[in-house]
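Everything below belongs to coords08.tsv, which stores TSV, C-alpha atoms.
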chain	number	residue	atom	x	y	z
A	1	MET	CA	11.77	-69.86	-21.50
A	2	ARG	CA	11.44	-67.24	-24.16
A	3	LEU	CA	14.59	-66.17	-25.93
A	4	LEU	CA	14.75	-62.98	-27.85
A	5	GLY	CA	16.96	-62.84	-30.85
A	6	ASP	CA	19.83	-60.58	-31.68
A	7	ARG	CA	19.62	-56.84	-32.20
A	8	GLY	CA	17.04	-56.07	-34.84
A	9	SER	CA	14.86	-59.00	-33.92
A	10	THR	CA	11.14	-58.35	-33.65
A	11	GLU	CA	10.27	-61.51	-31.81
A	12	LEU	CA	8.21	-59.81	-29.12
A	13	ASP	CA	4.90	-59.03	-30.69
A	14	GLU	CA	1.27	-59.24	-29.68
A	15	THR	CA	1.15	-62.98	-30.18
A	16	THR	CA	4.20	-63.69	-28.05
A	17	ILE	CA	3.14	-61.24	-25.37
A	18	ARG	CA	-0.30	-62.82	-25.15
A	19	ALA	CA	1.29	-66.26	-24.92
A	20	PHE	CA	3.67	-65.03	-22.24
A	21	LEU	CA	0.79	-63.61	-20.25
A	22	ARG	CA	-1.12	-66.85	-20.53
A	23	ASP	CA	1.80	-69.12	-19.64
A	24	GLU	CA	4.01	-67.07	-17.32
A	25	TYR	CA	2.15	-64.08	-15.92
A	26	PRO	CA	0.33	-65.73	-13.01
A	27	ARG	CA	3.43	-67.45	-11.71
A	28	LEU	CA	5.53	-64.30	-12.14
A	29	VAL	CA	3.01	-62.31	-10.13
A	30	GLY	CA	3.25	-65.00	-7.48
A	31	ALA	CA	7.02	-64.76	-7.45
A	32	VAL	CA	7.08	-60.99	-7.23
A	33	GLY	CA	4.35	-61.08	-4.61
A	34	LEU	CA	6.49	-63.40	-2.52
A	35	ALA	CA	9.51	-61.18	-2.97
A	36	CYS	CA	7.91	-57.83	-2.26
A	37	GLY	CA	5.05	-58.79	-0.01
A	38	SER	CA	2.08	-57.39	-1.89
A	39	ALA	CA	0.01	-59.06	-4.59
A	40	ALA	CA	-1.33	-55.76	-5.90
A	41	THR	CA	2.15	-54.28	-6.14
A	42	ALA	CA	3.31	-57.48	-7.82
A	43	GLU	CA	0.68	-57.30	-10.54
A	44	ASP	CA	1.48	-53.68	-11.26
A	45	ALA	CA	5.22	-54.34	-11.28
A	46	VAL	CA	5.03	-57.35	-13.58
A	47	GLN	CA	2.88	-55.45	-16.07
A	48	GLU	CA	5.31	-52.53	-16.02
A	49	ALA	CA	8.33	-54.80	-16.42
A	50	LEU	CA	6.76	-56.61	-19.34
A	51	ALA	CA	5.91	-53.29	-21.00
A	52	ARG	CA	9.54	-52.25	-20.60
A	53	ALA	CA	10.76	-55.50	-22.11
A	54	TRP	CA	8.41	-55.16	-25.05
A	55	GLU	CA	9.39	-51.57	-25.67
A	56	ARG	CA	13.07	-52.45	-25.44
A	57	SER	CA	12.70	-55.34	-27.85
A	58	GLU	CA	11.09	-52.99	-30.34
A	59	ARG	CA	14.26	-50.96	-30.17
A	60	GLY	CA	16.27	-54.09	-30.94
A	61	GLU	CA	17.55	-54.73	-27.45
A	62	ARG	CA	18.43	-58.30	-26.63
A	63	ILE	CA	16.89	-59.94	-23.61
A	64	GLU	CA	18.17	-63.45	-23.16
A	65	SER	CA	15.51	-64.83	-20.86
A	66	LEU	CA	12.31	-62.85	-20.84
A	67	ARG	CA	10.93	-64.66	-17.83
A	68	ALA	CA	14.01	-64.05	-15.69
A	69	TRP	CA	14.36	-60.47	-16.93
A	70	VAL	CA	10.77	-59.59	-16.17
A	71	ALA	CA	10.99	-61.29	-12.79
A	72	VAL	CA	14.03	-59.35	-11.65
A	73	VAL	CA	12.90	-55.99	-13.00
A	74	ALA	CA	9.46	-56.50	-11.48
A	75	ILE	CA	10.95	-57.47	-8.12
A	76	ASN	CA	13.07	-54.32	-8.16
A	77	LEU	CA	10.08	-52.22	-9.13
A	78	GLY	CA	7.93	-53.86	-6.52
A	79	ARG	CA	10.51	-53.45	-3.83
A	80	SER	CA	11.07	-49.76	-4.47
A	81	ARG	CA	7.36	-49.01	-4.74
A	82	TRP	CA	6.66	-50.92	-1.62
A	83	ARG	CA	9.51	-49.24	0.17
A	84	ARG	CA	8.14	-45.91	-0.76
A	85	ALA	CA	4.85	-46.80	0.83
A	86	ARG	CA	6.34	-47.77	4.14
A	87	ALA	CA	9.53	-48.99	5.61
A	88	GLU	CA	10.14	-52.47	4.35
A	89	SER	CA	10.25	-54.24	7.67
A	90	ARG	CA	7.07	-52.59	8.87
A	91	ALA	CA	5.41	-53.36	5.59
A	92	TRP	CA	6.31	-56.98	5.87
A	93	ALA	CA	5.13	-57.26	9.43
A	94	ALA	CA	1.84	-55.73	8.46
A	95	SER	CA	1.43	-57.30	5.08
A	96	ALA	CA	1.59	-60.96	5.90
A	97	PRO	CA	-1.77	-61.07	7.66
A	98	ALA	CA	-3.27	-58.59	5.21
A	99	GLU	CA	-2.19	-60.66	2.24
A	100	ALA	CA	-3.25	-63.89	3.78
A	101	ARG	CA	-5.66	-65.98	1.80
A	102	ALA	CA	-8.46	-68.13	3.03
A	103	SER	CA	-6.58	-71.28	2.17
A	104	ASP	CA	-3.40	-70.28	3.95
A	105	ASP	CA	-2.08	-72.80	6.38
A	106	GLU	CA	0.08	-71.87	9.30
A	107	GLU	CA	3.21	-73.03	7.57
A	108	ALA	CA	2.52	-70.86	4.52
A	109	LEU	CA	2.18	-67.81	6.74
A	110	ASP	CA	5.35	-68.72	8.59
A	111	VAL	CA	7.21	-69.10	5.33
A	112	ARG	CA	5.97	-65.76	4.11
A	113	ARG	CA	7.08	-64.08	7.31
A	114	ALA	CA	10.43	-65.85	7.14
A	115	LEU	CA	10.89	-64.68	3.57
A	116	GLY	CA	10.15	-61.14	4.64
A	117	ARG	CA	12.87	-61.27	7.24
A	118	LEU	CA	15.51	-62.35	4.73
A	119	PRO	CA	17.82	-59.74	3.23
A	120	ALA	CA	16.60	-58.66	-0.19
A	121	ARG	CA	19.22	-60.57	-2.16
A	122	GLN	CA	18.55	-63.81	-0.32
A	123	ARG	CA	14.82	-63.37	-0.73
A	124	GLU	CA	15.10	-62.71	-4.46
A	125	ALA	CA	17.44	-65.62	-5.04
A	126	THR	CA	15.15	-67.89	-3.05
A	127	VAL	CA	12.07	-66.93	-5.04
A	128	LEU	CA	13.82	-67.19	-8.40
A	129	ARG	CA	15.38	-70.54	-7.52
A	130	PHE	CA	12.74	-72.32	-5.48
A	131	TYR	CA	9.53	-70.78	-6.75
A	132	LEU	CA	10.25	-69.96	-10.39
A	133	GLY	CA	12.59	-72.91	-10.76
A	134	LEU	CA	15.47	-71.08	-12.40
A	135	ASP	CA	18.82	-72.79	-12.04
A	136	VAL	CA	21.69	-71.13	-10.23
A	137	GLU	CA	23.32	-69.83	-13.40
A	138	GLU	CA	20.06	-68.28	-14.55
A	139	VAL	CA	19.51	-66.68	-11.19
A	140	ALA	CA	23.03	-65.29	-11.24
A	141	ARG	CA	22.63	-63.81	-14.72
A	142	ALA	CA	19.26	-62.34	-13.89
A	143	MET	CA	20.49	-60.74	-10.66
A	144	GLY	CA	23.79	-59.62	-12.12
A	145	VAL	CA	25.87	-61.45	-9.55
A	146	SER	CA	28.15	-64.46	-9.61
A	147	ALA	CA	26.94	-68.02	-9.26
A	148	GLY	CA	28.95	-68.24	-6.05
A	149	THR	CA	27.09	-65.29	-4.60
A	150	VAL	CA	23.80	-66.94	-5.48
A	151	LYS	CA	24.87	-70.18	-3.83
A	152	THR	CA	25.88	-68.34	-0.69
A	153	SER	CA	22.60	-66.45	-0.62
A	154	LEU	CA	20.63	-69.64	-1.13
A	155	HIS	CA	22.55	-71.44	1.56
A	156	ARG	CA	21.81	-68.76	4.11
A	157	ALA	CA	18.19	-68.50	3.07
A	158	ARG	CA	17.84	-72.26	3.17
A	159	GLY	CA	19.04	-72.29	6.75
A	160	ALA	CA	16.53	-69.64	7.79
A	161	LEU	CA	13.67	-71.33	5.99
A	162	ALA	CA	14.65	-74.74	7.34
A	163	ARG	CA	14.22	-73.40	10.84
A	164	THR	CA	10.78	-72.12	9.89
A	165	LEU	CA	9.90	-75.47	8.38
A	166	ARG	CA	11.37	-77.22	11.40
A	167	GLN	CA	13.68	-79.14	9.15
A	168	PRO	CA	17.32	-79.88	10.01
A	169	GLU	CA	19.53	-77.25	8.47
A	170	PRO	CA	21.85	-78.30	5.65
A	171	GLU	CA	25.46	-78.47	6.76
A	172	GLU	CA	27.10	-77.39	3.53
A	173	ALA	CA	26.25	-75.07	0.69
A	174	PRO	CA	25.96	-77.29	-2.34
A	175	ASP	CA	23.23	-76.22	-4.71
A	176	ARG	CA	22.21	-78.77	-7.20
A	177	GLY	CA	20.54	-76.23	-9.37
A	178	HIS	CA	22.80	-76.39	-12.38
B	1	MET	CA	11.11	-84.79	0.70
B	2	ASP	CA	14.36	-82.84	1.16
B	3	ILE	CA	14.66	-79.26	2.29
B	4	ASP	CA	14.73	-77.75	-1.19
B	5	GLU	CA	11.58	-79.58	-2.17
B	6	ARG	CA	9.89	-78.53	1.07
B	7	ILE	CA	10.84	-74.91	0.47
B	8	SER	CA	9.50	-75.05	-3.09
B	9	ALA	CA	6.27	-76.59	-1.91
B	10	ALA	CA	5.91	-74.09	0.94
B	11	LEU	CA	6.52	-71.16	-1.39
B	12	GLY	CA	3.88	-72.50	-3.71
B	13	ARG	CA	1.36	-72.38	-0.87
B	14	ALA	CA	2.59	-69.02	0.40
B	15	ALA	CA	2.44	-67.23	-2.96
B	16	PRO	CA	-0.46	-64.88	-3.66
B	17	GLU	CA	-3.54	-66.20	-5.40
B	18	ARG	CA	-2.94	-66.44	-9.09
B	19	PRO	CA	-4.35	-63.37	-10.79
B	20	GLY	CA	-6.63	-63.39	-13.76
B	21	THR	CA	-5.22	-62.27	-17.08
B	22	SER	CA	-8.29	-60.54	-18.41
B	23	GLU	CA	-7.39	-57.17	-19.94
B	24	VAL	CA	-3.80	-57.50	-18.78
B	25	PHE	CA	-2.60	-57.45	-22.37
B	26	GLU	CA	-4.37	-54.14	-22.96
B	27	ARG	CA	-2.78	-52.64	-19.88
B	28	VAL	CA	0.69	-53.83	-20.86
B	29	ALA	CA	0.24	-52.54	-24.42
B	30	SER	CA	-0.90	-49.18	-23.09
B	31	ARG	CA	2.12	-48.89	-20.81
B	32	LYS	CA	4.43	-49.84	-23.64
B	33	ALA	CA	2.89	-47.26	-25.97
B	34	ARG	CA	3.25	-44.57	-23.33
B	35	ARG	CA	6.90	-45.40	-22.75
B	36	ARG	CA	7.60	-45.35	-26.46
B	37	ALA	CA	5.92	-41.98	-26.82
B	38	VAL	CA	7.95	-40.51	-24.00
B	39	ARG	CA	11.18	-41.81	-25.46
B	40	ARG	CA	10.39	-40.21	-28.76
B	41	LEU	CA	10.30	-36.83	-27.13
B	42	ARG	CA	14.03	-37.21	-26.66
B	43	ALA	CA	15.15	-33.58	-26.57
B	44	PRO	CA	15.19	-31.11	-23.70
B	45	ALA	CA	12.53	-28.98	-25.27
B	46	LEU	CA	9.52	-30.50	-23.67
B	47	ALA	CA	7.80	-30.11	-20.41
B	48	VAL	CA	9.62	-32.09	-17.82
B	49	ALA	CA	9.30	-32.85	-14.20
B	50	VAL	CA	12.16	-32.84	-11.81
B	51	VAL	CA	12.91	-35.63	-9.48
B	52	ALA	CA	15.03	-34.28	-6.71
B	53	ALA	CA	17.20	-36.13	-4.31
B	54	THR	CA	16.33	-35.34	-0.76
B	55	ALA	CA	17.44	-36.78	2.50
B	56	GLY	CA	14.44	-39.02	2.45
B	57	GLY	CA	14.71	-40.14	-1.11
B	58	TYR	CA	13.44	-39.02	-4.44
B	59	VAL	CA	10.55	-36.67	-4.45
B	60	LEU	CA	8.64	-35.85	-7.55
B	61	LEU	CA	8.30	-32.13	-7.51
B	62	GLY	CA	6.05	-31.96	-10.48
B	63	ARG	CA	7.92	-28.85	-11.49
B	64	LEU	CA	7.35	-28.11	-15.11
B	65	PHE	CA	10.03	-26.42	-17.03
B	66	THR	CA	8.62	-24.53	-19.93
B	67	ALA	CA	10.28	-24.87	-23.25
B	68	PRO	CA	9.58	-24.91	-26.99
B	69	GLU	CA	7.04	-27.48	-27.94
B	70	ALA	CA	8.64	-29.48	-30.68
B	71	THR	CA	12.19	-30.56	-31.20
B	72	ARG	CA	12.03	-31.20	-34.88
B	73	PRO	CA	9.53	-30.58	-37.63
B	74	GLY	CA	6.96	-33.31	-37.48
B	75	ALA	CA	8.27	-34.72	-34.25
B	76	PRO	CA	5.47	-36.38	-32.31
B	77	SER	CA	4.44	-34.76	-29.08
B	78	PRO	CA	1.79	-37.08	-27.74
B	79	VAL	CA	2.10	-36.42	-24.04
B	80	ALA	CA	3.67	-33.03	-23.55
B	81	PRO	CA	1.37	-30.22	-22.62
B	82	SER	CA	1.41	-27.20	-24.84
B	83	VAL	CA	3.62	-24.58	-23.25
B	84	PRO	CA	5.00	-21.28	-24.45
B	85	ALA	CA	8.53	-21.09	-25.73
B	86	GLN	CA	11.12	-19.56	-23.44
B	87	ASP	CA	14.68	-18.57	-23.84
B	88	LEU	CA	16.96	-21.11	-22.19
B	89	ARG	CA	19.91	-18.75	-22.06
B	90	CYS	CA	22.03	-18.94	-18.91
B	91	PRO	CA	24.68	-16.48	-17.80
B	92	GLY	CA	28.39	-17.19	-17.61
B	93	PRO	CA	30.64	-20.01	-18.72
B	94	LEU	CA	30.34	-23.62	-17.69
B	95	PRO	CA	31.25	-23.93	-14.01
B	96	PHE	CA	33.14	-27.16	-14.50
B	97	GLU	CA	35.54	-28.85	-16.85
B	98	PRO	CA	36.43	-32.46	-17.58
B	99	GLY	CA	38.99	-34.07	-15.33
B	100	TYR	CA	38.86	-37.18	-17.44
B	101	LEU	CA	38.06	-37.89	-21.05
B	102	PRO	CA	38.27	-41.25	-22.80
B	103	SER	CA	41.43	-42.08	-24.67
B	104	GLY	CA	41.74	-40.19	-27.94
B	105	PHE	CA	39.34	-37.40	-26.99
B	106	ASP	CA	40.38	-33.84	-27.73
B	107	PRO	CA	40.35	-31.86	-24.46
B	108	GLN	CA	39.15	-28.79	-26.35
B	109	PRO	CA	35.37	-28.66	-26.51
B	110	VAL	CA	33.52	-28.19	-29.77
B	111	ALA	CA	30.56	-25.81	-29.77
B	112	GLY	CA	27.19	-27.33	-30.56
B	113	PRO	CA	25.65	-30.78	-30.36
B	114	ALA	CA	27.49	-33.94	-31.31
B	115	PRO	CA	26.94	-35.02	-34.92
B	116	GLY	CA	23.55	-36.62	-35.22
B	117	ALA	CA	22.41	-35.51	-31.77
B	118	ALA	CA	19.29	-33.51	-31.04
B	119	PRO	CA	19.71	-29.86	-31.95
B	120	ALA	CA	20.22	-27.22	-29.30
B	121	GLU	CA	17.17	-25.33	-28.21
B	122	GLU	CA	17.01	-21.57	-28.40
B	123	GLY	CA	19.56	-20.27	-25.95
B	124	GLN	CA	20.61	-23.69	-24.70
B	125	LEU	CA	24.34	-24.12	-24.25
B	126	VAL	CA	25.55	-27.30	-25.92
B	127	LEU	CA	29.12	-28.33	-26.47
B	128	HIS	CA	30.77	-31.65	-26.92
B	129	TYR	CA	34.07	-33.43	-26.58
B	130	THR	CA	34.94	-35.95	-29.22
B	131	ASP	CA	37.54	-38.22	-30.69
B	132	GLY	CA	35.94	-37.82	-34.09
B	133	ARG	CA	33.87	-40.93	-33.69
B	134	ARG	CA	32.38	-40.82	-30.20
B	135	ALA	CA	31.28	-37.85	-28.16
B	136	VAL	CA	30.20	-36.58	-24.77
B	137	GLU	CA	27.86	-33.62	-24.81
B	138	VAL	CA	27.32	-31.09	-22.07
B	139	ARG	CA	23.93	-29.40	-22.12
B	140	ARG	CA	22.75	-26.48	-20.04
B	141	PRO	CA	19.90	-26.53	-19.20
B	142	GLY	CA	20.28	-30.26	-19.24
B	143	THR	CA	18.21	-32.92	-20.83
B	144	LEU	CA	15.49	-34.24	-18.62
B	145	PHE	CA	12.86	-36.77	-19.35
B	146	LEU	CA	9.54	-36.71	-17.63
B	147	GLU	CA	9.12	-40.39	-17.13
B	148	LEU	CA	12.57	-41.78	-17.56
B	149	ALA	CA	13.94	-39.67	-14.76
B	150	GLN	CA	11.57	-41.48	-12.46
B	151	GLU	CA	12.61	-44.97	-13.39
B	152	ASP	CA	12.84	-46.96	-10.23
B	153	ASP	CA	15.72	-49.00	-11.46
B	154	ALA	CA	17.80	-46.10	-12.71
B	155	PRO	CA	21.12	-46.11	-10.90
B	156	THR	CA	22.21	-42.91	-9.26
B	157	ILE	CA	25.73	-41.61	-9.05
B	158	ARG	CA	27.59	-38.68	-7.67
B	159	VAL	CA	29.01	-36.26	-10.14
B	160	LEU	CA	31.77	-33.75	-9.65
B	161	GLY	CA	33.07	-35.93	-6.90
B	162	ALA	CA	31.39	-35.27	-3.60
B	163	ARG	CA	31.88	-31.55	-3.83
B	164	THR	CA	29.10	-30.02	-5.79
B	165	ALA	CA	26.37	-32.24	-7.02
B	166	ASP	CA	24.73	-35.42	-5.93
B	167	PHE	CA	21.73	-35.64	-8.18
B	168	GLY	CA	21.28	-37.67	-11.24
B	169	PRO	CA	19.49	-40.77	-12.28
B	170	VAL	CA	21.38	-42.18	-15.22
B	171	VAL	CA	18.64	-42.65	-17.72
B	172	PRO	CA	18.77	-44.51	-20.97
B	173	GLY	CA	17.69	-42.23	-23.77
B	174	GLY	CA	16.70	-43.66	-27.09
B	175	ASP	CA	20.18	-44.92	-27.84
B	176	GLU	CA	22.31	-43.14	-25.32
B	177	TYR	CA	22.76	-42.73	-21.60
B	178	ILE	CA	22.29	-39.38	-19.95
B	179	VAL	CA	23.64	-38.21	-16.60
B	180	GLN	CA	21.55	-35.42	-15.12
B	181	PHE	CA	22.58	-33.28	-12.23
B	182	PHE	CA	22.19	-29.98	-10.47
B	183	HIS	CA	25.19	-27.77	-9.86
B	184	PRO	CA	26.10	-26.28	-7.52
B	185	LYS	CA	24.97	-28.61	-4.82
B	186	GLY	CA	22.00	-27.15	-3.04
B	187	ALA	CA	20.94	-25.08	-6.02
B	188	SER	CA	17.27	-24.28	-6.22
B	189	LEU	CA	15.44	-26.85	-8.23
B	190	ASN	CA	13.56	-23.99	-9.80
B	191	ASP	CA	16.81	-22.79	-11.34
B	192	ARG	CA	16.93	-24.21	-14.80
B	193	CYS	CA	20.45	-22.95	-15.27
B	194	ALA	CA	21.62	-25.17	-12.42
B	195	LEU	CA	20.51	-28.24	-14.34
B	196	PHE	CA	23.10	-29.92	-16.53
B	197	SER	CA	23.30	-33.15	-18.44
B	198	LEU	CA	26.05	-35.23	-19.93
B	199	ASN	CA	24.84	-37.10	-22.97
B	200	GLU	CA	27.03	-39.82	-24.43
B	201	HIS	CA	27.19	-40.88	-28.04
B	202	GLY	CA	29.03	-44.13	-28.65
B	203	LEU	CA	30.53	-44.48	-25.18
B	204	ALA	CA	30.02	-47.30	-22.76
B	205	LEU	CA	28.03	-46.36	-19.68
B	206	GLU	CA	31.09	-46.92	-17.51
B	207	GLU	CA	33.06	-44.35	-19.51
B	208	LEU	CA	30.26	-41.81	-19.23
B	209	LEU	CA	30.12	-42.31	-15.48
B	210	ARG	CA	33.88	-41.87	-15.25
B	211	VAL	CA	33.62	-38.57	-17.12
B	212	ALA	CA	30.81	-37.39	-14.85
B	213	GLU	CA	32.45	-38.35	-11.59
B	214	ARG	CA	35.73	-36.71	-12.51
B	215	LEU	CA	34.35	-33.37	-13.59
B	216	ARG	CA	36.21	-30.53	-11.91
B	217	ALA	CA	34.50	-27.42	-10.64
B	218	VAL	CA	35.89	-24.20	-12.03
B	219	ASP	CA	35.86	-21.26	-9.67
B	220	ALA	CA	34.21	-18.22	-11.14

Kindly transcribe the structure held in the file into structure tokens.
Amino acid sequence: MRLLGDRGSTELDETTIRAFLRDEYPRLVGAVGLACGSAATAEDAVQEALARAWERSERGERIESLRAWVAVVAINLGRSRWRRARAESRAWAASAPAEARASDDEEALDVRRALGRLPARQREATVLRFYLGLDVEEVARAMGVSAGTVKTSLHRARGALARTLRQPEPEEAPDRGH
Amino acid sequence: MDIDERISAALGRAAPERPGTSEVFERVASRKARRRAVRRLRAPALAVAVVAATAGGYVLLGRLFTAPEATRPGAPSPVAPSVPAQDLRCPGPLPFEPGYLPSGFDPQPVAGPAPGAAPAEEGQLVLHYTDGRRAVEVRRPGTLFLELAQEDDAPTIRVLGARTADFGPVVPGGDEYIVQFFHPKGASLNDRCALFSLNEHGLALEELLRVAERLRAVDA
């Protein structure tokens, strides 16, 4: 995880951006693609979010976790752009087959459809937690909500996804992510 | 494998193919440079587009307001088209007054921009309220930014309560936040004099929003 320094820091430069692209970009595009339902939108959104982070860092703004910051901003960008294109539910219904890859198995498609049916907050928390591997506190900071809210969102999402995966649903809401 | 591990594994298979990174750096650098250039424009004197709130959402009208080209001698103008100068004078007094000002602020407005703020354009009405250290400016016609007004993640608020205006992405300027709005509600978006902005200097965003939302309309 990349940490930017305090105000006045110039830690984001060409070298760090190139390293970030090499190490984090593909997975971030995957995360945003899962969250917003379109790989093309995800690529565009991640690039825009990273440009914003870079420009902000040049003005001395502090970004604690670049990966989490870019992920959340890109998800928001992707969601609003996608929503502009078509209503979100319709987009999801249509996008899953369109975004399918040759190697997709049935379960992957089911999971993608199940993700698309989740409320936005649950979907974002799920992707940040289970795909990007952020812990609950990081997810909460990135989304600007409390850890409790994240746990609740994850619990509900876990139940929905468990049904898709034909796995017994968890009875309680403990999240071992922190 | 427990449920969390199964979800992680399933998401890994469901995620889009990993993209290549060729030329991505160049695209990111280009976007960053464009954003920086737009931010440097800063003042209301450049060609701007209006994003209007409609029942269906924000619609980019592409309406260009014409205004003087440069804000300061030597100021860069890398993206603004060259447009002729126009007088920004608007008739009448401000149609609203503050219903709330932060603690310590003088309720009497001071003519002109806040110390250190962008100068007023020819004919532009600018006044500010201050406690001697911080300030809230009112500008008519208001400050608008071509790109920043379109930011997808810019929050929107209602100003002047629910009575008169409902437009206004709160955009971060270079160092300050700006609330933009049209007044009265329903005013033609072609009417530059119906466009106002509140520009804060040294205030927290929450304080600026409180000032905006508690503006009181003044009957003519």

Could you give me, as CSV, every chain A residue with an atom at most 7 Å from chain B, plus its closest atom pair and distance in Å to one decimal, counting all atoms listed in the file, rows ordered by chain then number?
residue,atom,partner,partner_atom,distance
A:Arg18,CA,B:Phe25,CA,6.5
A:Leu21,CA,B:Thr21,CA,6.9
A:Pro26,CA,B:Arg18,CA,5.2
A:Arg27,CA,B:Arg18,CA,7.0
A:Gly30,CA,B:Ala15,CA,5.1
A:Ala31,CA,B:Ala15,CA,6.9
A:Gly33,CA,B:Pro16,CA,6.2
A:Leu34,CA,B:Ala15,CA,5.6
A:Ala39,CA,B:Pro16,CA,5.9
A:Gln47,CA,B:Val28,CA,5.5
A:Glu48,CA,B:Arg31,CA,6.8
A:Leu50,CA,B:Val28,CA,6.8
A:Ala51,CA,B:Lys32,CA,4.6
A:Arg52,CA,B:Lys32,CA,6.4
A:Trp54,CA,B:Lys32,CA,6.8
A:Glu55,CA,B:Lys32,CA,5.6
A:Asn76,CA,B:Asp153,CA,6.8
A:Leu77,CA,B:Asp152,CA,6.0
A:Ser80,CA,B:Asp152,CA,6.6
A:Ala108,CA,B:Ala14,CA,4.5
A:Leu109,CA,B:Ala14,CA,6.5
A:Val111,CA,B:Ala14,CA,6.8
A:Arg112,CA,B:Ala14,CA,6.0
A:Phe130,CA,B:Ser8,CA,4.9
A:Tyr131,CA,B:Ser8,CA,5.6
A:Ala162,CA,B:Ile3,CA,6.8
A:Gln167,CA,B:Ile3,CA,6.9

Separation of CA of Leu165 (chain A) and CA of Met143 (chain A), in Å?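 Going from CA of Leu165 (chain A) over to CA of Met143 (chain A) covers 26.3 Å.
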
Could you name the residues that touch Val126 (chain B) at 8 Å or less, counting all atoms listed in the file, but leaving out those on the same chain fewer than 5 positions away, as a list in words?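 Once the nearby chain positions are removed, what remains is Ala111, Gly112, Pro113, Ala120, Glu137, Val138, Arg139 and Arg140 of chain B.
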
I'd like the contact shell of Leu195 (chain B) - 6 Å cut-off, all atoms listed in the file, skipping same-chain residues fewer than 4 positions apart - returned as a list in words.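 Neighbouring residues, sequence-local ones excluded: Pro141, Gly142, Phe181 and Phe182 of chain B.
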
What does the distance from CA of Val211 (chain B) to CA of Asn199 (chain B) come to in Å, to one decimal?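 Taking CA of Val211 (chain B) and CA of Asn199 (chain B), their separation equals 10.7 Å.
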
Separation of CA of Arg156 (chain A) from CA of Glu137 (chain A) in Å: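 CA of Arg156 (chain A) lies 17.6 Å from CA of Glu137 (chain A).
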
Please list as a PyMOL selection string every residue within 10 Å of region 65-69 of chain A, counting all atoms listed in the file and excluding residues in the same chain fewer than 4 positions away. chain A and resi 1-4+12+20+24-25+28+49-50+53-54+73-75+128+132+134+138-139+141-143

Nearby residues (only C-alpha atoms) at most 12 Å from Asp131 (chain B), same-chain spacing under 3 positions excluded, as a PDB file with C-alpha atoms, keeping the file's coordinate frame:
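Once written, out_36.pdb looks like this:
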ATOM      1  CA  LEU B 101      38.060 -37.890 -21.050  1.00  0.00           C
ATOM      2  CA  PRO B 102      38.270 -41.250 -22.800  1.00  0.00           C
ATOM      3  CA  SER B 103      41.430 -42.080 -24.670  1.00  0.00           C
ATOM      4  CA  GLY B 104      41.740 -40.190 -27.940  1.00  0.00           C
ATOM      5  CA  PHE B 105      39.340 -37.400 -26.990  1.00  0.00           C
ATOM      6  CA  ASP B 106      40.380 -33.840 -27.730  1.00  0.00           C
ATOM      7  CA  PRO B 107      40.350 -31.860 -24.460  1.00  0.00           C
ATOM      8  CA  GLN B 108      39.150 -28.790 -26.350  1.00  0.00           C
ATOM      9  CA  PRO B 109      35.370 -28.660 -26.510  1.00  0.00           C
ATOM     10  CA  VAL B 110      33.520 -28.190 -29.770  1.00  0.00           C
ATOM     11  CA  ALA B 114      27.490 -33.940 -31.310  1.00  0.00           C
ATOM     12  CA  PRO B 115      26.940 -35.020 -34.920  1.00  0.00           C
ATOM     13  CA  HIS B 128      30.770 -31.650 -26.920  1.00  0.00           C
ATOM     14  CA  ARG B 134      32.380 -40.820 -30.200  1.00  0.00           C
ATOM     15  CA  ALA B 135      31.280 -37.850 -28.160  1.00  0.00           C
ATOM     16  CA  VAL B 136      30.200 -36.580 -24.770  1.00  0.00           C
ATOM     17  CA  HIS B 201      27.190 -40.880 -28.040  1.00  0.00           C
ATOM     18  CA  GLY B 202      29.030 -44.130 -28.650  1.00  0.00           C
ATOM     19  CA  LEU B 203      30.530 -44.480 -25.180  1.00  0.00           C
TER      20      LEU B 203
END
